[in-house]
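*Asks:* Take this structure first; my questions come after.
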Amino acid sequence: MLSDKKNRFVAGTVEKRDLNQYWYSPHTIAVMVQEIEEHATKVAFLSTPSLWFSLKESELKQRSFFFDVDMQWAWCPNFVKWDYNEPEGFDKSMHHAFDCVVIDPPFITPQVWAKYAQAALLLLSEGGKIILSTIEENAEMLKGLLEVKPQLFAPSIPHLVYQYALFTNYPSTYLSSLNPELF
């Protein structure tokens, strides 16, 4: 059973508009965390700190890292300071070291997605899984870049003015049904 009424990260972390931060709703976070914990053993979270902080499985959380430009989390040993403008700007020991990459860029342009895709492919081990969120209009571009397909579950992002979709490169478990928050 998902506990989605409250989420510590969402309740305690202010979105920074200058960094284009918009957090998923607590229910969306709970569903995505369930999906990640079902399918991954070591995750690179690109611009998705809310998901890393919300992981429930402590071993998965210890093995995983979140990559972000926001230095408010520099105190955390699993934080990697990373700017998408330097897609390979992380330690070489992380190359091909993750069986899952989760991505939610601050911008949805093809130029930004090309950089996130470059980083994701460098971080992923062979056969690795990808979960990402963006607008549905990016579906064809992302199919070409990362071989991902849209899922039925769409994320609720309360302070974002347009609707995002979730995409994966594998048959998902918990992202294959509609999000009741959006109806």
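To be explicit about the labels: the chains of the structure tokens are called A, B, and onward in the order shown, and within each one the residues are counted from 1, while ligands get numbers from 1 in the order they are shown.
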Taking the DSSP secondary structure from the backbone, can you list the residues of chain A that are strand (DSSP E or B), as a PyMOL selection string?
*Replies:* chain A and resi 43-46+65-68+79-81+98-103+124-134+149-150+165-168
*Asks:* Emit the selected residues as a short mmCIF file (atom, residue, chain, number, x, y, z; two decimals), in the first residue's frame, including N, CA, C and O atoms.
*Replies:*
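Printed below is out.cif as written:
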data_model
loop_
_atom_site.label_atom_id
_atom_site.label_comp_id
_atom_site.auth_asym_id
_atom_site.auth_seq_id
_atom_site.Cartn_x
_atom_site.Cartn_y
_atom_site.Cartn_z
N VAL A 43 20.88 3.34 -8.84
CA VAL A 43 20.22 4.32 -9.69
C VAL A 43 21.00 5.64 -9.72
O VAL A 43 21.49 6.11 -8.70
N ALA A 44 21.06 6.23 -10.92
CA ALA A 44 21.54 7.60 -11.09
C ALA A 44 20.30 8.47 -11.29
O ALA A 44 19.56 8.27 -12.26
N PHE A 45 20.05 9.37 -10.36
CA PHE A 45 18.92 10.28 -10.43
C PHE A 45 19.41 11.61 -10.99
O PHE A 45 20.12 12.34 -10.31
N LEU A 46 19.06 11.92 -12.24
CA LEU A 46 19.49 13.16 -12.88
C LEU A 46 18.42 14.22 -12.71
O LEU A 46 17.32 14.09 -13.27
N PHE A 65 22.95 7.49 -6.46
CA PHE A 65 23.43 8.88 -6.38
C PHE A 65 22.45 9.80 -7.09
O PHE A 65 21.79 9.39 -8.04
N PHE A 66 22.36 11.03 -6.62
CA PHE A 66 21.57 12.02 -7.33
C PHE A 66 22.47 13.15 -7.80
O PHE A 66 23.34 13.62 -7.08
N PHE A 67 22.28 13.52 -9.05
CA PHE A 67 23.11 14.48 -9.77
C PHE A 67 22.31 15.76 -9.93
O PHE A 67 21.23 15.75 -10.52
N ASP A 68 22.83 16.87 -9.41
CA ASP A 68 22.07 18.10 -9.46
C ASP A 68 23.01 19.30 -9.38
O ASP A 68 24.12 19.20 -8.87
N PHE A 79 25.26 12.95 -3.12
CA PHE A 79 25.05 14.07 -4.03
C PHE A 79 26.26 14.19 -4.96
O PHE A 79 27.40 14.13 -4.53
N VAL A 80 25.98 14.38 -6.25
CA VAL A 80 27.02 14.64 -7.24
C VAL A 80 26.69 16.00 -7.87
O VAL A 80 25.63 16.15 -8.48
N LYS A 81 27.58 16.96 -7.68
CA LYS A 81 27.37 18.27 -8.31
C LYS A 81 27.51 18.06 -9.81
O LYS A 81 28.54 17.60 -10.30
N PHE A 98 25.47 2.07 -13.37
CA PHE A 98 24.10 2.10 -12.86
C PHE A 98 23.18 1.24 -13.73
O PHE A 98 23.28 1.26 -14.95
N ASP A 99 22.27 0.51 -13.07
CA ASP A 99 21.32 -0.29 -13.85
C ASP A 99 20.02 0.45 -14.11
O ASP A 99 19.12 -0.06 -14.76
N CYS A 100 19.94 1.70 -13.64
CA CYS A 100 18.77 2.53 -13.90
C CYS A 100 19.17 4.00 -13.83
O CYS A 100 19.97 4.39 -12.98
N VAL A 101 18.60 4.79 -14.73
CA VAL A 101 18.76 6.24 -14.71
C VAL A 101 17.36 6.85 -14.74
O VAL A 101 16.52 6.44 -15.55
N VAL A 102 17.12 7.80 -13.84
CA VAL A 102 15.85 8.51 -13.77
C VAL A 102 16.14 9.98 -14.09
O VAL A 102 17.05 10.57 -13.51
N ILE A 103 15.37 10.55 -15.01
CA ILE A 103 15.68 11.89 -15.54
C ILE A 103 14.45 12.80 -15.53
O ILE A 103 13.38 12.40 -15.99
N LEU A 124 24.67 4.47 -17.66
CA LEU A 124 23.97 3.19 -17.68
C LEU A 124 24.88 2.01 -18.02
O LEU A 124 25.71 2.09 -18.92
N SER A 125 24.66 0.92 -17.30
CA SER A 125 25.30 -0.33 -17.67
C SER A 125 24.50 -0.94 -18.82
O SER A 125 23.38 -0.52 -19.11
N GLU A 126 25.07 -1.93 -19.48
CA GLU A 126 24.40 -2.58 -20.60
C GLU A 126 23.05 -3.13 -20.15
O GLU A 126 22.95 -3.78 -19.11
N GLY A 127 22.01 -2.86 -20.93
CA GLY A 127 20.67 -3.33 -20.59
C GLY A 127 19.99 -2.51 -19.50
O GLY A 127 18.94 -2.91 -19.00
N GLY A 128 20.58 -1.38 -19.14
CA GLY A 128 20.03 -0.56 -18.07
C GLY A 128 18.67 0.05 -18.40
O GLY A 128 18.31 0.22 -19.56
N LYS A 129 17.94 0.35 -17.34
CA LYS A 129 16.59 0.89 -17.47
C LYS A 129 16.60 2.41 -17.37
O LYS A 129 17.40 2.99 -16.65
N ILE A 130 15.65 3.02 -18.10
CA ILE A 130 15.50 4.47 -18.11
C ILE A 130 14.07 4.82 -17.76
O ILE A 130 13.13 4.23 -18.31
N ILE A 131 13.92 5.77 -16.85
CA ILE A 131 12.62 6.37 -16.53
C ILE A 131 12.81 7.87 -16.67
O ILE A 131 13.75 8.42 -16.10
N LEU A 132 11.93 8.52 -17.41
CA LEU A 132 12.09 9.97 -17.56
C LEU A 132 10.73 10.65 -17.66
O LEU A 132 9.72 10.01 -17.96
N SER A 133 10.74 11.94 -17.40
CA SER A 133 9.51 12.72 -17.55
C SER A 133 9.77 13.96 -18.39
O SER A 133 10.82 14.59 -18.29
N THR A 134 8.79 14.24 -19.25
CA THR A 134 8.82 15.41 -20.13
C THR A 134 7.44 15.54 -20.77
O THR A 134 6.53 14.76 -20.45
N LYS A 149 9.45 4.72 -24.44
CA LYS A 149 8.06 4.81 -24.89
C LYS A 149 7.23 5.41 -23.76
O LYS A 149 7.50 5.17 -22.58
N PRO A 150 6.15 6.14 -24.11
CA PRO A 150 5.29 6.72 -23.08
C PRO A 150 4.55 5.64 -22.29
O PRO A 150 4.22 4.58 -22.83
N ALA A 165 4.49 13.63 -19.17
CA ALA A 165 4.26 12.21 -19.35
C ALA A 165 5.51 11.48 -18.83
O ALA A 165 6.58 12.08 -18.73
N LEU A 166 5.35 10.22 -18.50
CA LEU A 166 6.49 9.38 -18.11
C LEU A 166 6.80 8.43 -19.25
O LEU A 166 5.91 7.94 -19.94
N PHE A 167 8.09 8.15 -19.42
CA PHE A 167 8.58 7.27 -20.47
C PHE A 167 9.54 6.26 -19.85
O PHE A 167 10.27 6.59 -18.91
N THR A 168 9.55 5.05 -20.40
CA THR A 168 10.53 4.05 -19.98
C THR A 168 11.04 3.30 -21.21
O THR A 168 10.41 3.32 -22.27
#
*Asks:* With a distance cut-off of 8 Å and only C-alpha atoms, select the neighbouring residues of Glu35 (chain A), excluding the residue or stretch itself and same-chain residues fewer than 4 positions from it, and output the selection as a VMD selection string.
*Replies:* chain A and resid 31 39 172 to 175
*Asks:* Write the residues of the selection above to a file with C-alpha atoms, as a compact mmCIF listing (two decimals), in the first residue's frame.
*Replies:*
# COMPACT_ATOMS: atom_id res chain seq x y z
CA VAL A 31 4.37 5.37 -7.38
CA HIS A 39 13.33 -2.68 -11.04
CA SER A 172 6.98 -0.98 -16.40
CA THR A 173 5.06 -2.43 -13.46
CA TYR A 174 3.52 0.56 -11.69
CA LEU A 175 3.55 3.09 -14.52
*Asks:* With a distance cut-off of 12 Å and only C-alpha atoms, select the neighbouring residues of region 14-18 of chain A, excluding the residue or stretch itself and same-chain residues fewer than 3 positions from it, and output the selection as a PyMOL selection string.
*Replies:* chain A and resi 8-11+21-24+49-50+69-72+106-107+157-160
*Asks:* With DSSP run on the backbone, what are the alpha helix (DSSP H) residues within region 51-171 of chain A? I'd like them as a PyMOL selection string.
*Replies:* chain A and resi 51-54+58-63+110-123+139-146
*Asks:* Can you work out which one of A:Ile36, A:Ala119, A:Leu142, A:Leu178 has the shortest atom-to-atom distance to Tyr84 (chain A), counting only C-alpha atoms?
*Replies:* A:Ala119
*Asks:* Can you measure CA of Glu140 (chain A) to CA of Val112 (chain A) for me? One decimal in Å is fine.
*Replies:*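 Separating CA of Glu140 (chain A) from CA of Val112 (chain A) is a distance of 15.2 Å.
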*Asks:* As an exercise, work out the distance from CA of Phe90 (chain A) to CA of Trp75 (chain A) in Å and give it to one decimal place.
*Replies:*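 We find that CA of Phe90 (chain A) and CA of Trp75 (chain A) lie 17.1 Å from each other.
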